[in-house]
Amino acid sequence: MDFLKLGFELLSVGPICDTCLGRRYAKLGTGFTNAERGRAIRVLWAMEKDIMITEPDRCWVCDGIFSRAGEYARRALELVHGYEFETFLFGVHLSPYHEAVEEFLKKRFPSPWAEPLQRDINRALGRAFERLLAAEGTEAQVDFRHPHIRFTVDLWKGGIEVYIAPAYFYGRYRKLVRGIPQTHWPCRHCRGRGCERCNYTGKVYPTSVEELILPAFLEACEGEGGHLHGAGREDVDARMLGRGRPFVVEVEHPRRRAVDLEEIAARISREAAGRVEVLDLRPASPDFVRRVKDLRARKRYRALVSFAAPVDEATFRQALEGLTGEIRQRTPTRVRHRRADLVRKRCVHEISGELRSPTEAEVEILCDGGLYVKELISGDDGGTHPNLSELLGVEARVTELDVLEVLDDL
Ligand SMILES: [Zn+2]
Ligand SMILES: [Zn+2]
């Protein structure tokens, strides 16, 4: 298609606005709006015909959408009144009319320089929205990947929907006492409704790491709900010490995003009263949920082990040595009802220990993430091989377990 012929033909078939005319030339020249491109073509057309022309009031291509962008933007802004955001994005659903016109243009007025109507409208809405924000003395940027708010304008029905993206925060938690699960654990008998067995609480444990951490975030962000995503989890009866375990907190429908994280950390410590602490809080992107959940970091454990019969020093030393290296571990009996039953290979990198008495020892283990330490000691009916019980020839079991360190680079 000839450069000028394209525009001149479009101008002669019906009233078209500068933006829609210029959109057939969108990829040509930088620093221009489509309206400016369209205006340029219109001027050349008027010169060639030696007539006086102005932009028509009506446009058969967009049906006046671009002139209504400001109105849509104003309605969008009302929808997010009271919400804090730094980034946004507009999207549109075209009406069947607009879709038909786009198809028609593609066939009848093909242009290698055109851009889709949808993109042009999204941009016009975004610019109109930015102008409104500027008038209020605030600003926000368009973000195509993770906008804080996302508007969807239905050009057919005229509606606007808004999606408020969750706020995410990274941190690490230390669990200083035993008997607390990572997340709320609903009572199996009543499925959380409350019954005699759970003392009408609906849960197996009175609290959880999540329940001790989340409220401070929800309140600061004025959110409507949320989750704690942990990088794995320690057993309910194990402590989580050292620099803690990485997690991401997700707060749904937040009204505030710029919150005082030091204050939140202080409040969590105060209210958890020595049970849980959080470190290293910082804002995170949504990708971090996956990164934290997929984390397979090495861990250092301390286990208190008791033996069913007395063990001597030499046997104990030799058994520990036999535990370094590759371990083949079947999914433990105790978690087989909720985890896939398979055999994993995990490594014990370092192990050391000391007998406290002939029937008790303290053991420190550095191993791959995903190795079950209790089964490494007990053997779990042969499910873990090698294991300490087998190497000692005496039944051994963990009576106390602490995660001393999660060795990640988050
Ligand atoms: Zn138009
Ligand atoms: Zn119950």
# chains A, B, ... in the order shown; residues from 1 in each chain; ligands from 1
>>> residues_near_ligand(ligand="ligand 2", cutoff="10 Å", atoms="only C-alpha atoms and all ligand atoms", output="PyMOL selection string")
chain A and resi 186-204
>>> write_last_selection(atoms="N, CA and C atoms", output="PDB file, in the first residue's frame")
ATOM      1  N   PRO A 186      -6.626 -26.949  60.527  1.00  0.00           N
ATOM      2  CA  PRO A 186      -8.026 -27.149  60.920  1.00  0.00           C
ATOM      3  C   PRO A 186      -8.261 -28.510  61.579  1.00  0.00           C
ATOM      4  N   CYS A 187      -9.154 -28.536  62.532  1.00  0.00           N
ATOM      5  CA  CYS A 187      -9.515 -29.763  63.242  1.00  0.00           C
ATOM      6  C   CYS A 187     -10.101 -30.767  62.249  1.00  0.00           C
ATOM      7  N   ARG A 188      -9.595 -32.019  62.307  1.00  0.00           N
ATOM      8  CA  ARG A 188     -10.009 -33.031  61.342  1.00  0.00           C
ATOM      9  C   ARG A 188     -11.447 -33.503  61.592  1.00  0.00           C
ATOM     10  N   HIS A 189     -11.850 -33.438  62.849  1.00  0.00           N
ATOM     11  CA  HIS A 189     -13.169 -33.988  63.198  1.00  0.00           C
ATOM     12  C   HIS A 189     -14.303 -33.079  62.765  1.00  0.00           C
ATOM     13  N   CYS A 190     -14.093 -31.779  62.890  1.00  0.00           N
ATOM     14  CA  CYS A 190     -15.185 -30.854  62.551  1.00  0.00           C
ATOM     15  C   CYS A 190     -14.858 -30.043  61.306  1.00  0.00           C
ATOM     16  N   ARG A 191     -13.693 -30.277  60.727  1.00  0.00           N
ATOM     17  CA  ARG A 191     -13.218 -29.525  59.567  1.00  0.00           C
ATOM     18  C   ARG A 191     -13.262 -28.017  59.796  1.00  0.00           C
ATOM     19  N   GLY A 192     -12.892 -27.629  61.016  1.00  0.00           N
ATOM     20  CA  GLY A 192     -12.748 -26.202  61.294  1.00  0.00           C
ATOM     21  C   GLY A 192     -13.990 -25.512  61.824  1.00  0.00           C
ATOM     22  N   ARG A 193     -15.103 -26.261  61.911  1.00  0.00           N
ATOM     23  CA  ARG A 193     -16.331 -25.603  62.380  1.00  0.00           C
ATOM     24  C   ARG A 193     -16.339 -25.427  63.901  1.00  0.00           C
ATOM     25  N   GLY A 194     -15.583 -26.278  64.596  1.00  0.00           N
ATOM     26  CA  GLY A 194     -15.560 -26.221  66.058  1.00  0.00           C
ATOM     27  C   GLY A 194     -16.332 -27.389  66.639  1.00  0.00           C
ATOM     28  N   CYS A 195     -15.676 -28.169  67.510  1.00  0.00           N
ATOM     29  CA  CYS A 195     -16.340 -29.313  68.127  1.00  0.00           C
ATOM     30  C   CYS A 195     -15.721 -29.540  69.504  1.00  0.00           C
ATOM     31  N   GLU A 196     -16.223 -30.551  70.196  1.00  0.00           N
ATOM     32  CA  GLU A 196     -15.744 -30.842  71.548  1.00  0.00           C
ATOM     33  C   GLU A 196     -14.250 -31.168  71.562  1.00  0.00           C
ATOM     34  N   ARG A 197     -13.829 -31.945  70.556  1.00  0.00           N
ATOM     35  CA  ARG A 197     -12.440 -32.394  70.506  1.00  0.00           C
ATOM     36  C   ARG A 197     -11.445 -31.246  70.394  1.00  0.00           C
ATOM     37  N   CYS A 198     -11.822 -30.190  69.661  1.00  0.00           N
ATOM     38  CA  CYS A 198     -10.889 -29.086  69.466  1.00  0.00           C
ATOM     39  C   CYS A 198     -11.242 -27.923  70.386  1.00  0.00           C
ATOM     40  N   ASN A 199     -12.082 -28.226  71.374  1.00  0.00           N
ATOM     41  CA  ASN A 199     -12.479 -27.193  72.327  1.00  0.00           C
ATOM     42  C   ASN A 199     -13.146 -26.007  71.623  1.00  0.00           C
ATOM     43  N   TYR A 200     -13.872 -26.312  70.567  1.00  0.00           N
ATOM     44  CA  TYR A 200     -14.624 -25.319  69.788  1.00  0.00           C
ATOM     45  C   TYR A 200     -13.767 -24.223  69.174  1.00  0.00           C
ATOM     46  N   THR A 201     -12.474 -24.555  68.929  1.00  0.00           N
ATOM     47  CA  THR A 201     -11.610 -23.572  68.262  1.00  0.00           C
ATOM     48  C   THR A 201     -11.561 -23.861  66.770  1.00  0.00           C
ATOM     49  N   GLY A 202     -11.905 -25.087  66.369  1.00  0.00           N
ATOM     50  CA  GLY A 202     -11.839 -25.449  64.951  1.00  0.00           C
ATOM     51  C   GLY A 202     -10.439 -25.792  64.496  1.00  0.00           C
ATOM     52  N   LYS A 203      -9.458 -25.754  65.424  1.00  0.00           N
ATOM     53  CA  LYS A 203      -8.100 -26.075  65.014  1.00  0.00           C
ATOM     54  C   LYS A 203      -7.377 -26.996  65.996  1.00  0.00           C
ATOM     55  N   VAL A 204      -6.340 -27.651  65.482  1.00  0.00           N
ATOM     56  CA  VAL A 204      -5.606 -28.629  66.268  1.00  0.00           C
ATOM     57  C   VAL A 204      -4.659 -27.932  67.248  1.00  0.00           C
TER      58      VAL A 204
END
>>> residues_near_ligand(ligand="ligand 1", cutoff="12 Å", atoms="only C-alpha atoms and all ligand atoms", output="number ranges by chain")
A: 10-11, 14-24, 34-35, 38, 55-69, 98, 101-102, 117, 120-121, 124
>>> closest_residue(among="A:Glu234, A:Glu71, A:Asp341, A:Glu130", to="Val403 of chain A", atoms="only C-alpha atoms")
A:Glu234
>>> closest_atom_pairs(of="segment 290-343 of chain A", to="segment 387-393 of chain A", cutoff="9 Å", atoms="only C-alpha atoms", output="Markdown table")
| residue | atom | partner | partner_atom | distance |
| --- | --- | --- | --- | --- |
| A:Phe307 | CA | A:Ser389 | CA | 8.4 |
| A:Val311 | CA | A:Leu392 | CA | 7.7 |
| A:Thr315 | CA | A:Leu392 | CA | 6.5 |
| A:Phe316 | CA | A:Leu392 | CA | 6.7 |
| A:Gln318 | CA | A:Leu391 | CA | 8.2 |
| A:Ala319 | CA | A:Leu391 | CA | 5.1 |
| A:Leu320 | CA | A:Leu388 | CA | 7.2 |
| A:Gly322 | CA | A:Leu391 | CA | 7.2 |
| A:Leu323 | CA | A:Asn387 | CA | 6.7 |
| A:Ile327 | CA | A:Asn387 | CA | 8.2 |
>>> atom_distance(atom1="atom CA of Ala100 of chain A", atom2="atom CA of Gln118 of chain A")
12.8 Å
>>> select_by_dssp(residues="segment 156-393 of chain A", states="strand (DSSP E or B)", output="PyMOL selection string")
chain A and resi 160-164+167-175+186+203+225-230+238-252+276-284+298-307+325-330+343-357+360-367+384-385
>>> residues_around(residues="His253 of chain A", least_positions_apart="6", cutoff="12 Å", atoms="only C-alpha atoms", output="VMD selection string")
chain A and resid 80 82 to 85 148 to 149 162 to 168 217 to 219 221 to 226
>>> residues_around(residues="Gly369 of chain A", least_positions_apart="4", cutoff="8 Å", atoms="only C-alpha atoms", output="PyMOL selection string")
chain A and resi 296-299+346
>>> atom_distance(atom1="atom CA of Met240 of chain A", atom2="atom CA of Glu252 of chain A")
26.8 Å
>>> atom_distance(atom1="atom CA of Val177 of chain A", atom2="atom CA of Ala265 of chain A")
17.9 Å
>>> residues_around(residues="Ala231 of chain A", least_positions_apart="4", cutoff="9 Å", atoms="only C-alpha atoms", output="list in words")
Arg245, Pro246, Phe247, Val248, Val289, Arg291, Val292, Lys293, Asp294, Leu295, Arg296 and Ala297 of chain A
>>> residues_around(residues="Ser12 of chain A", least_positions_apart="3", cutoff="12 Å", atoms="only C-alpha atoms", output="short mmCIF file (atom, residue, chain, number, x, y, z; two decimals) with C-alpha atoms, in the first residue's frame")
data_model
loop_
_atom_site.label_atom_id
_atom_site.label_comp_id
_atom_site.auth_asym_id
_atom_site.auth_seq_id
_atom_site.Cartn_x
_atom_site.Cartn_y
_atom_site.Cartn_z
CA LYS A 5 -2.78 6.60 -0.87
CA LEU A 6 -3.62 4.63 2.28
CA GLY A 7 -4.52 7.74 4.25
CA PHE A 8 -6.26 9.55 1.44
CA GLU A 9 -8.49 6.54 0.77
CA PRO A 15 -15.54 10.59 8.98
CA ILE A 16 -12.42 9.45 10.84
CA LEU A 21 -6.15 7.85 10.94
CA ARG A 42 -5.09 15.18 6.86
CA TRP A 45 -4.85 15.61 1.90
CA ALA A 46 -6.38 19.09 2.28
CA LYS A 49 -7.47 18.82 -2.74
#
>>> select_by_dssp(residues="segment 13-86 of chain A", states="helix (DSSP H, G or I)", output="PDB file with N, CA and C atoms, in the first residue's frame")
ATOM      1  N   VAL A  13     -13.515   7.581   2.727  1.00  0.00           N
ATOM      2  CA  VAL A  13     -14.638   6.645   2.940  1.00  0.00           C
ATOM      3  C   VAL A  13     -15.604   7.050   4.040  1.00  0.00           C
ATOM      4  N   ASP A  18      -8.404  12.013  13.936  1.00  0.00           N
ATOM      5  CA  ASP A  18      -6.951  12.051  13.705  1.00  0.00           C
ATOM      6  C   ASP A  18      -6.265  10.819  14.313  1.00  0.00           C
ATOM      7  N   THR A  19      -6.693  10.437  15.518  1.00  0.00           N
ATOM      8  CA  THR A  19      -6.049   9.302  16.198  1.00  0.00           C
ATOM      9  C   THR A  19      -6.209   8.012  15.397  1.00  0.00           C
ATOM     10  N   CYS A  20      -7.421   7.752  14.908  1.00  0.00           N
ATOM     11  CA  CYS A  20      -7.665   6.516  14.160  1.00  0.00           C
ATOM     12  C   CYS A  20      -6.947   6.537  12.814  1.00  0.00           C
ATOM     13  N   LEU A  21      -6.881   7.708  12.204  1.00  0.00           N
ATOM     14  CA  LEU A  21      -6.148   7.849  10.940  1.00  0.00           C
ATOM     15  C   LEU A  21      -4.650   7.619  11.194  1.00  0.00           C
ATOM     16  N   GLY A  22      -4.147   8.280  12.217  1.00  0.00           N
ATOM     17  CA  GLY A  22      -2.718   8.191  12.538  1.00  0.00           C
ATOM     18  C   GLY A  22      -2.302   6.807  12.997  1.00  0.00           C
ATOM     19  N   ARG A  23      -3.234   6.022  13.546  1.00  0.00           N
ATOM     20  CA  ARG A  23      -2.900   4.680  14.030  1.00  0.00           C
ATOM     21  C   ARG A  23      -2.472   3.747  12.891  1.00  0.00           C
ATOM     22  N   ASN A  34      -0.442   9.378  17.804  1.00  0.00           N
ATOM     23  CA  ASN A  34      -1.164   8.984  16.598  1.00  0.00           C
ATOM     24  C   ASN A  34      -2.000  10.142  16.069  1.00  0.00           C
ATOM     25  N   ALA A  35      -2.514  10.965  16.984  1.00  0.00           N
ATOM     26  CA  ALA A  35      -3.323  12.119  16.563  1.00  0.00           C
ATOM     27  C   ALA A  35      -2.482  13.064  15.706  1.00  0.00           C
ATOM     28  N   GLU A  36      -1.211  13.242  16.098  1.00  0.00           N
ATOM     29  CA  GLU A  36      -0.324  14.115  15.308  1.00  0.00           C
ATOM     30  C   GLU A  36      -0.036  13.508  13.933  1.00  0.00           C
ATOM     31  N   ARG A  37       0.161  12.189  13.901  1.00  0.00           N
ATOM     32  CA  ARG A  37       0.404  11.518  12.622  1.00  0.00           C
ATOM     33  C   ARG A  37      -0.810  11.684  11.705  1.00  0.00           C
ATOM     34  N   GLY A  38      -1.996  11.474  12.311  1.00  0.00           N
ATOM     35  CA  GLY A  38      -3.231  11.577  11.534  1.00  0.00           C
ATOM     36  C   GLY A  38      -3.438  12.995  11.020  1.00  0.00           C
ATOM     37  N   ARG A  39      -3.121  13.946  11.879  1.00  0.00           N
ATOM     38  CA  ARG A  39      -3.266  15.355  11.516  1.00  0.00           C
ATOM     39  C   ARG A  39      -2.378  15.681  10.300  1.00  0.00           C
ATOM     40  N   ALA A  40      -1.160  15.151  10.323  1.00  0.00           N
ATOM     41  CA  ALA A  40      -0.220  15.417   9.230  1.00  0.00           C
ATOM     42  C   ALA A  40      -0.778  14.909   7.899  1.00  0.00           C
ATOM     43  N   ILE A  41      -1.337  13.700   7.913  1.00  0.00           N
ATOM     44  CA  ILE A  41      -1.901  13.123   6.690  1.00  0.00           C
ATOM     45  C   ILE A  41      -3.095  13.964   6.224  1.00  0.00           C
ATOM     46  N   ARG A  42      -3.901  14.394   7.198  1.00  0.00           N
ATOM     47  CA  ARG A  42      -5.093  15.177   6.862  1.00  0.00           C
ATOM     48  C   ARG A  42      -4.695  16.513   6.206  1.00  0.00           C
ATOM     49  N   VAL A  43      -3.630  17.114   6.733  1.00  0.00           N
ATOM     50  CA  VAL A  43      -3.170  18.394   6.166  1.00  0.00           C
ATOM     51  C   VAL A  43      -2.723  18.192   4.712  1.00  0.00           C
ATOM     52  N   LEU A  44      -1.948  17.104   4.482  1.00  0.00           N
ATOM     53  CA  LEU A  44      -1.487  16.840   3.109  1.00  0.00           C
ATOM     54  C   LEU A  44      -2.670  16.613   2.164  1.00  0.00           C
ATOM     55  N   TRP A  45      -3.651  15.919   2.692  1.00  0.00           N
ATOM     56  CA  TRP A  45      -4.847  15.609   1.898  1.00  0.00           C
ATOM     57  C   TRP A  45      -5.559  16.917   1.508  1.00  0.00           C
ATOM     58  N   ALA A  46      -5.705  17.808   2.505  1.00  0.00           N
ATOM     59  CA  ALA A  46      -6.378  19.092   2.283  1.00  0.00           C
ATOM     60  C   ALA A  46      -5.593  19.927   1.273  1.00  0.00           C
ATOM     61  N   MET A  47      -4.259  19.864   1.369  1.00  0.00           N
ATOM     62  CA  MET A  47      -3.426  20.633   0.432  1.00  0.00           C
ATOM     63  C   MET A  47      -3.615  20.123  -0.994  1.00  0.00           C
ATOM     64  N   GLU A  48      -3.622  18.795  -1.116  1.00  0.00           N
ATOM     65  CA  GLU A  48      -3.743  18.219  -2.455  1.00  0.00           C
ATOM     66  C   GLU A  48      -5.096  18.573  -3.072  1.00  0.00           C
ATOM     67  N   LYS A  49      -6.137  18.538  -2.240  1.00  0.00           N
ATOM     68  CA  LYS A  49      -7.469  18.820  -2.739  1.00  0.00           C
ATOM     69  C   LYS A  49      -7.759  20.323  -2.752  1.00  0.00           C
ATOM     70  N   PHE A  66     -11.949   7.698  21.920  1.00  0.00           N
ATOM     71  CA  PHE A  66     -10.808   8.500  22.365  1.00  0.00           C
ATOM     72  C   PHE A  66     -11.261   9.798  23.024  1.00  0.00           C
ATOM     73  N   SER A  67     -12.384  10.306  22.580  1.00  0.00           N
ATOM     74  CA  SER A  67     -12.874  11.539  23.222  1.00  0.00           C
ATOM     75  C   SER A  67     -13.485  11.223  24.583  1.00  0.00           C
ATOM     76  N   ARG A  68     -13.780   9.942  24.840  1.00  0.00           N
ATOM     77  CA  ARG A  68     -14.355   9.581  26.144  1.00  0.00           C
ATOM     78  C   ARG A  68     -13.310   9.025  27.115  1.00  0.00           C
ATOM     79  N   ALA A  69     -12.042   8.994  26.706  1.00  0.00           N
ATOM     80  CA  ALA A  69     -10.990   8.411  27.556  1.00  0.00           C
ATOM     81  C   ALA A  69     -10.939   9.111  28.921  1.00  0.00           C
ATOM     82  N   GLY A  70     -11.068  10.426  28.913  1.00  0.00           N
ATOM     83  CA  GLY A  70     -11.016  11.192  30.161  1.00  0.00           C
ATOM     84  C   GLY A  70     -12.132  10.782  31.117  1.00  0.00           C
ATOM     85  N   GLU A  71     -13.299  10.539  30.560  1.00  0.00           N
ATOM     86  CA  GLU A  71     -14.459  10.140  31.365  1.00  0.00           C
ATOM     87  C   GLU A  71     -14.217   8.752  32.008  1.00  0.00           C
ATOM     88  N   TYR A  72     -13.714   7.825  31.204  1.00  0.00           N
ATOM     89  CA  TYR A  72     -13.388   6.501  31.741  1.00  0.00           C
ATOM     90  C   TYR A  72     -12.331   6.614  32.846  1.00  0.00           C
ATOM     91  N   ALA A  73     -11.327   7.434  32.595  1.00  0.00           N
ATOM     92  CA  ALA A  73     -10.241   7.580  33.571  1.00  0.00           C
ATOM     93  C   ALA A  73     -10.785   8.145  34.888  1.00  0.00           C
ATOM     94  N   ARG A  74     -11.708   9.088  34.786  1.00  0.00           N
ATOM     95  CA  ARG A  74     -12.279   9.690  35.995  1.00  0.00           C
ATOM     96  C   ARG A  74     -13.044   8.637  36.805  1.00  0.00           C
ATOM     97  N   ARG A  75     -13.817   7.798  36.094  1.00  0.00           N
ATOM     98  CA  ARG A  75     -14.553   6.724  36.794  1.00  0.00           C
ATOM     99  C   ARG A  75     -13.583   5.719  37.419  1.00  0.00           C
ATOM    100  N   ALA A  76     -12.503   5.426  36.686  1.00  0.00           N
ATOM    101  CA  ALA A  76     -11.506   4.474  37.207  1.00  0.00           C
ATOM    102  C   ALA A  76     -10.899   5.012  38.500  1.00  0.00           C
ATOM    103  N   LEU A  77     -10.584   6.284  38.492  1.00  0.00           N
ATOM    104  CA  LEU A  77      -9.958   6.886  39.673  1.00  0.00           C
ATOM    105  C   LEU A  77     -10.885   6.817  40.884  1.00  0.00           C
ATOM    106  N   GLU A  78     -12.183   7.016  40.639  1.00  0.00           N
ATOM    107  CA  GLU A  78     -13.151   6.924  41.748  1.00  0.00           C
ATOM    108  C   GLU A  78     -13.148   5.531  42.369  1.00  0.00           C
ATOM    109  N   LEU A  79     -12.979   4.512  41.516  1.00  0.00           N
ATOM    110  CA  LEU A  79     -13.011   3.128  42.007  1.00  0.00           C
ATOM    111  C   LEU A  79     -11.868   2.813  42.969  1.00  0.00           C
TER     112      LEU A  79
END
>>> closest_residue(among="A:Gly244, A:Pro215, A:Pro96, A:Pro310", to="Ile268 of chain A", atoms="only C-alpha atoms")
A:Pro215
>>> residues_around(residues="His349 of chain A", least_positions_apart="6", cutoff="9 Å", atoms="only C-alpha atoms", output="JSON, numbers by chain")
{"A": [324, 325, 326, 365, 366, 367, 368]}
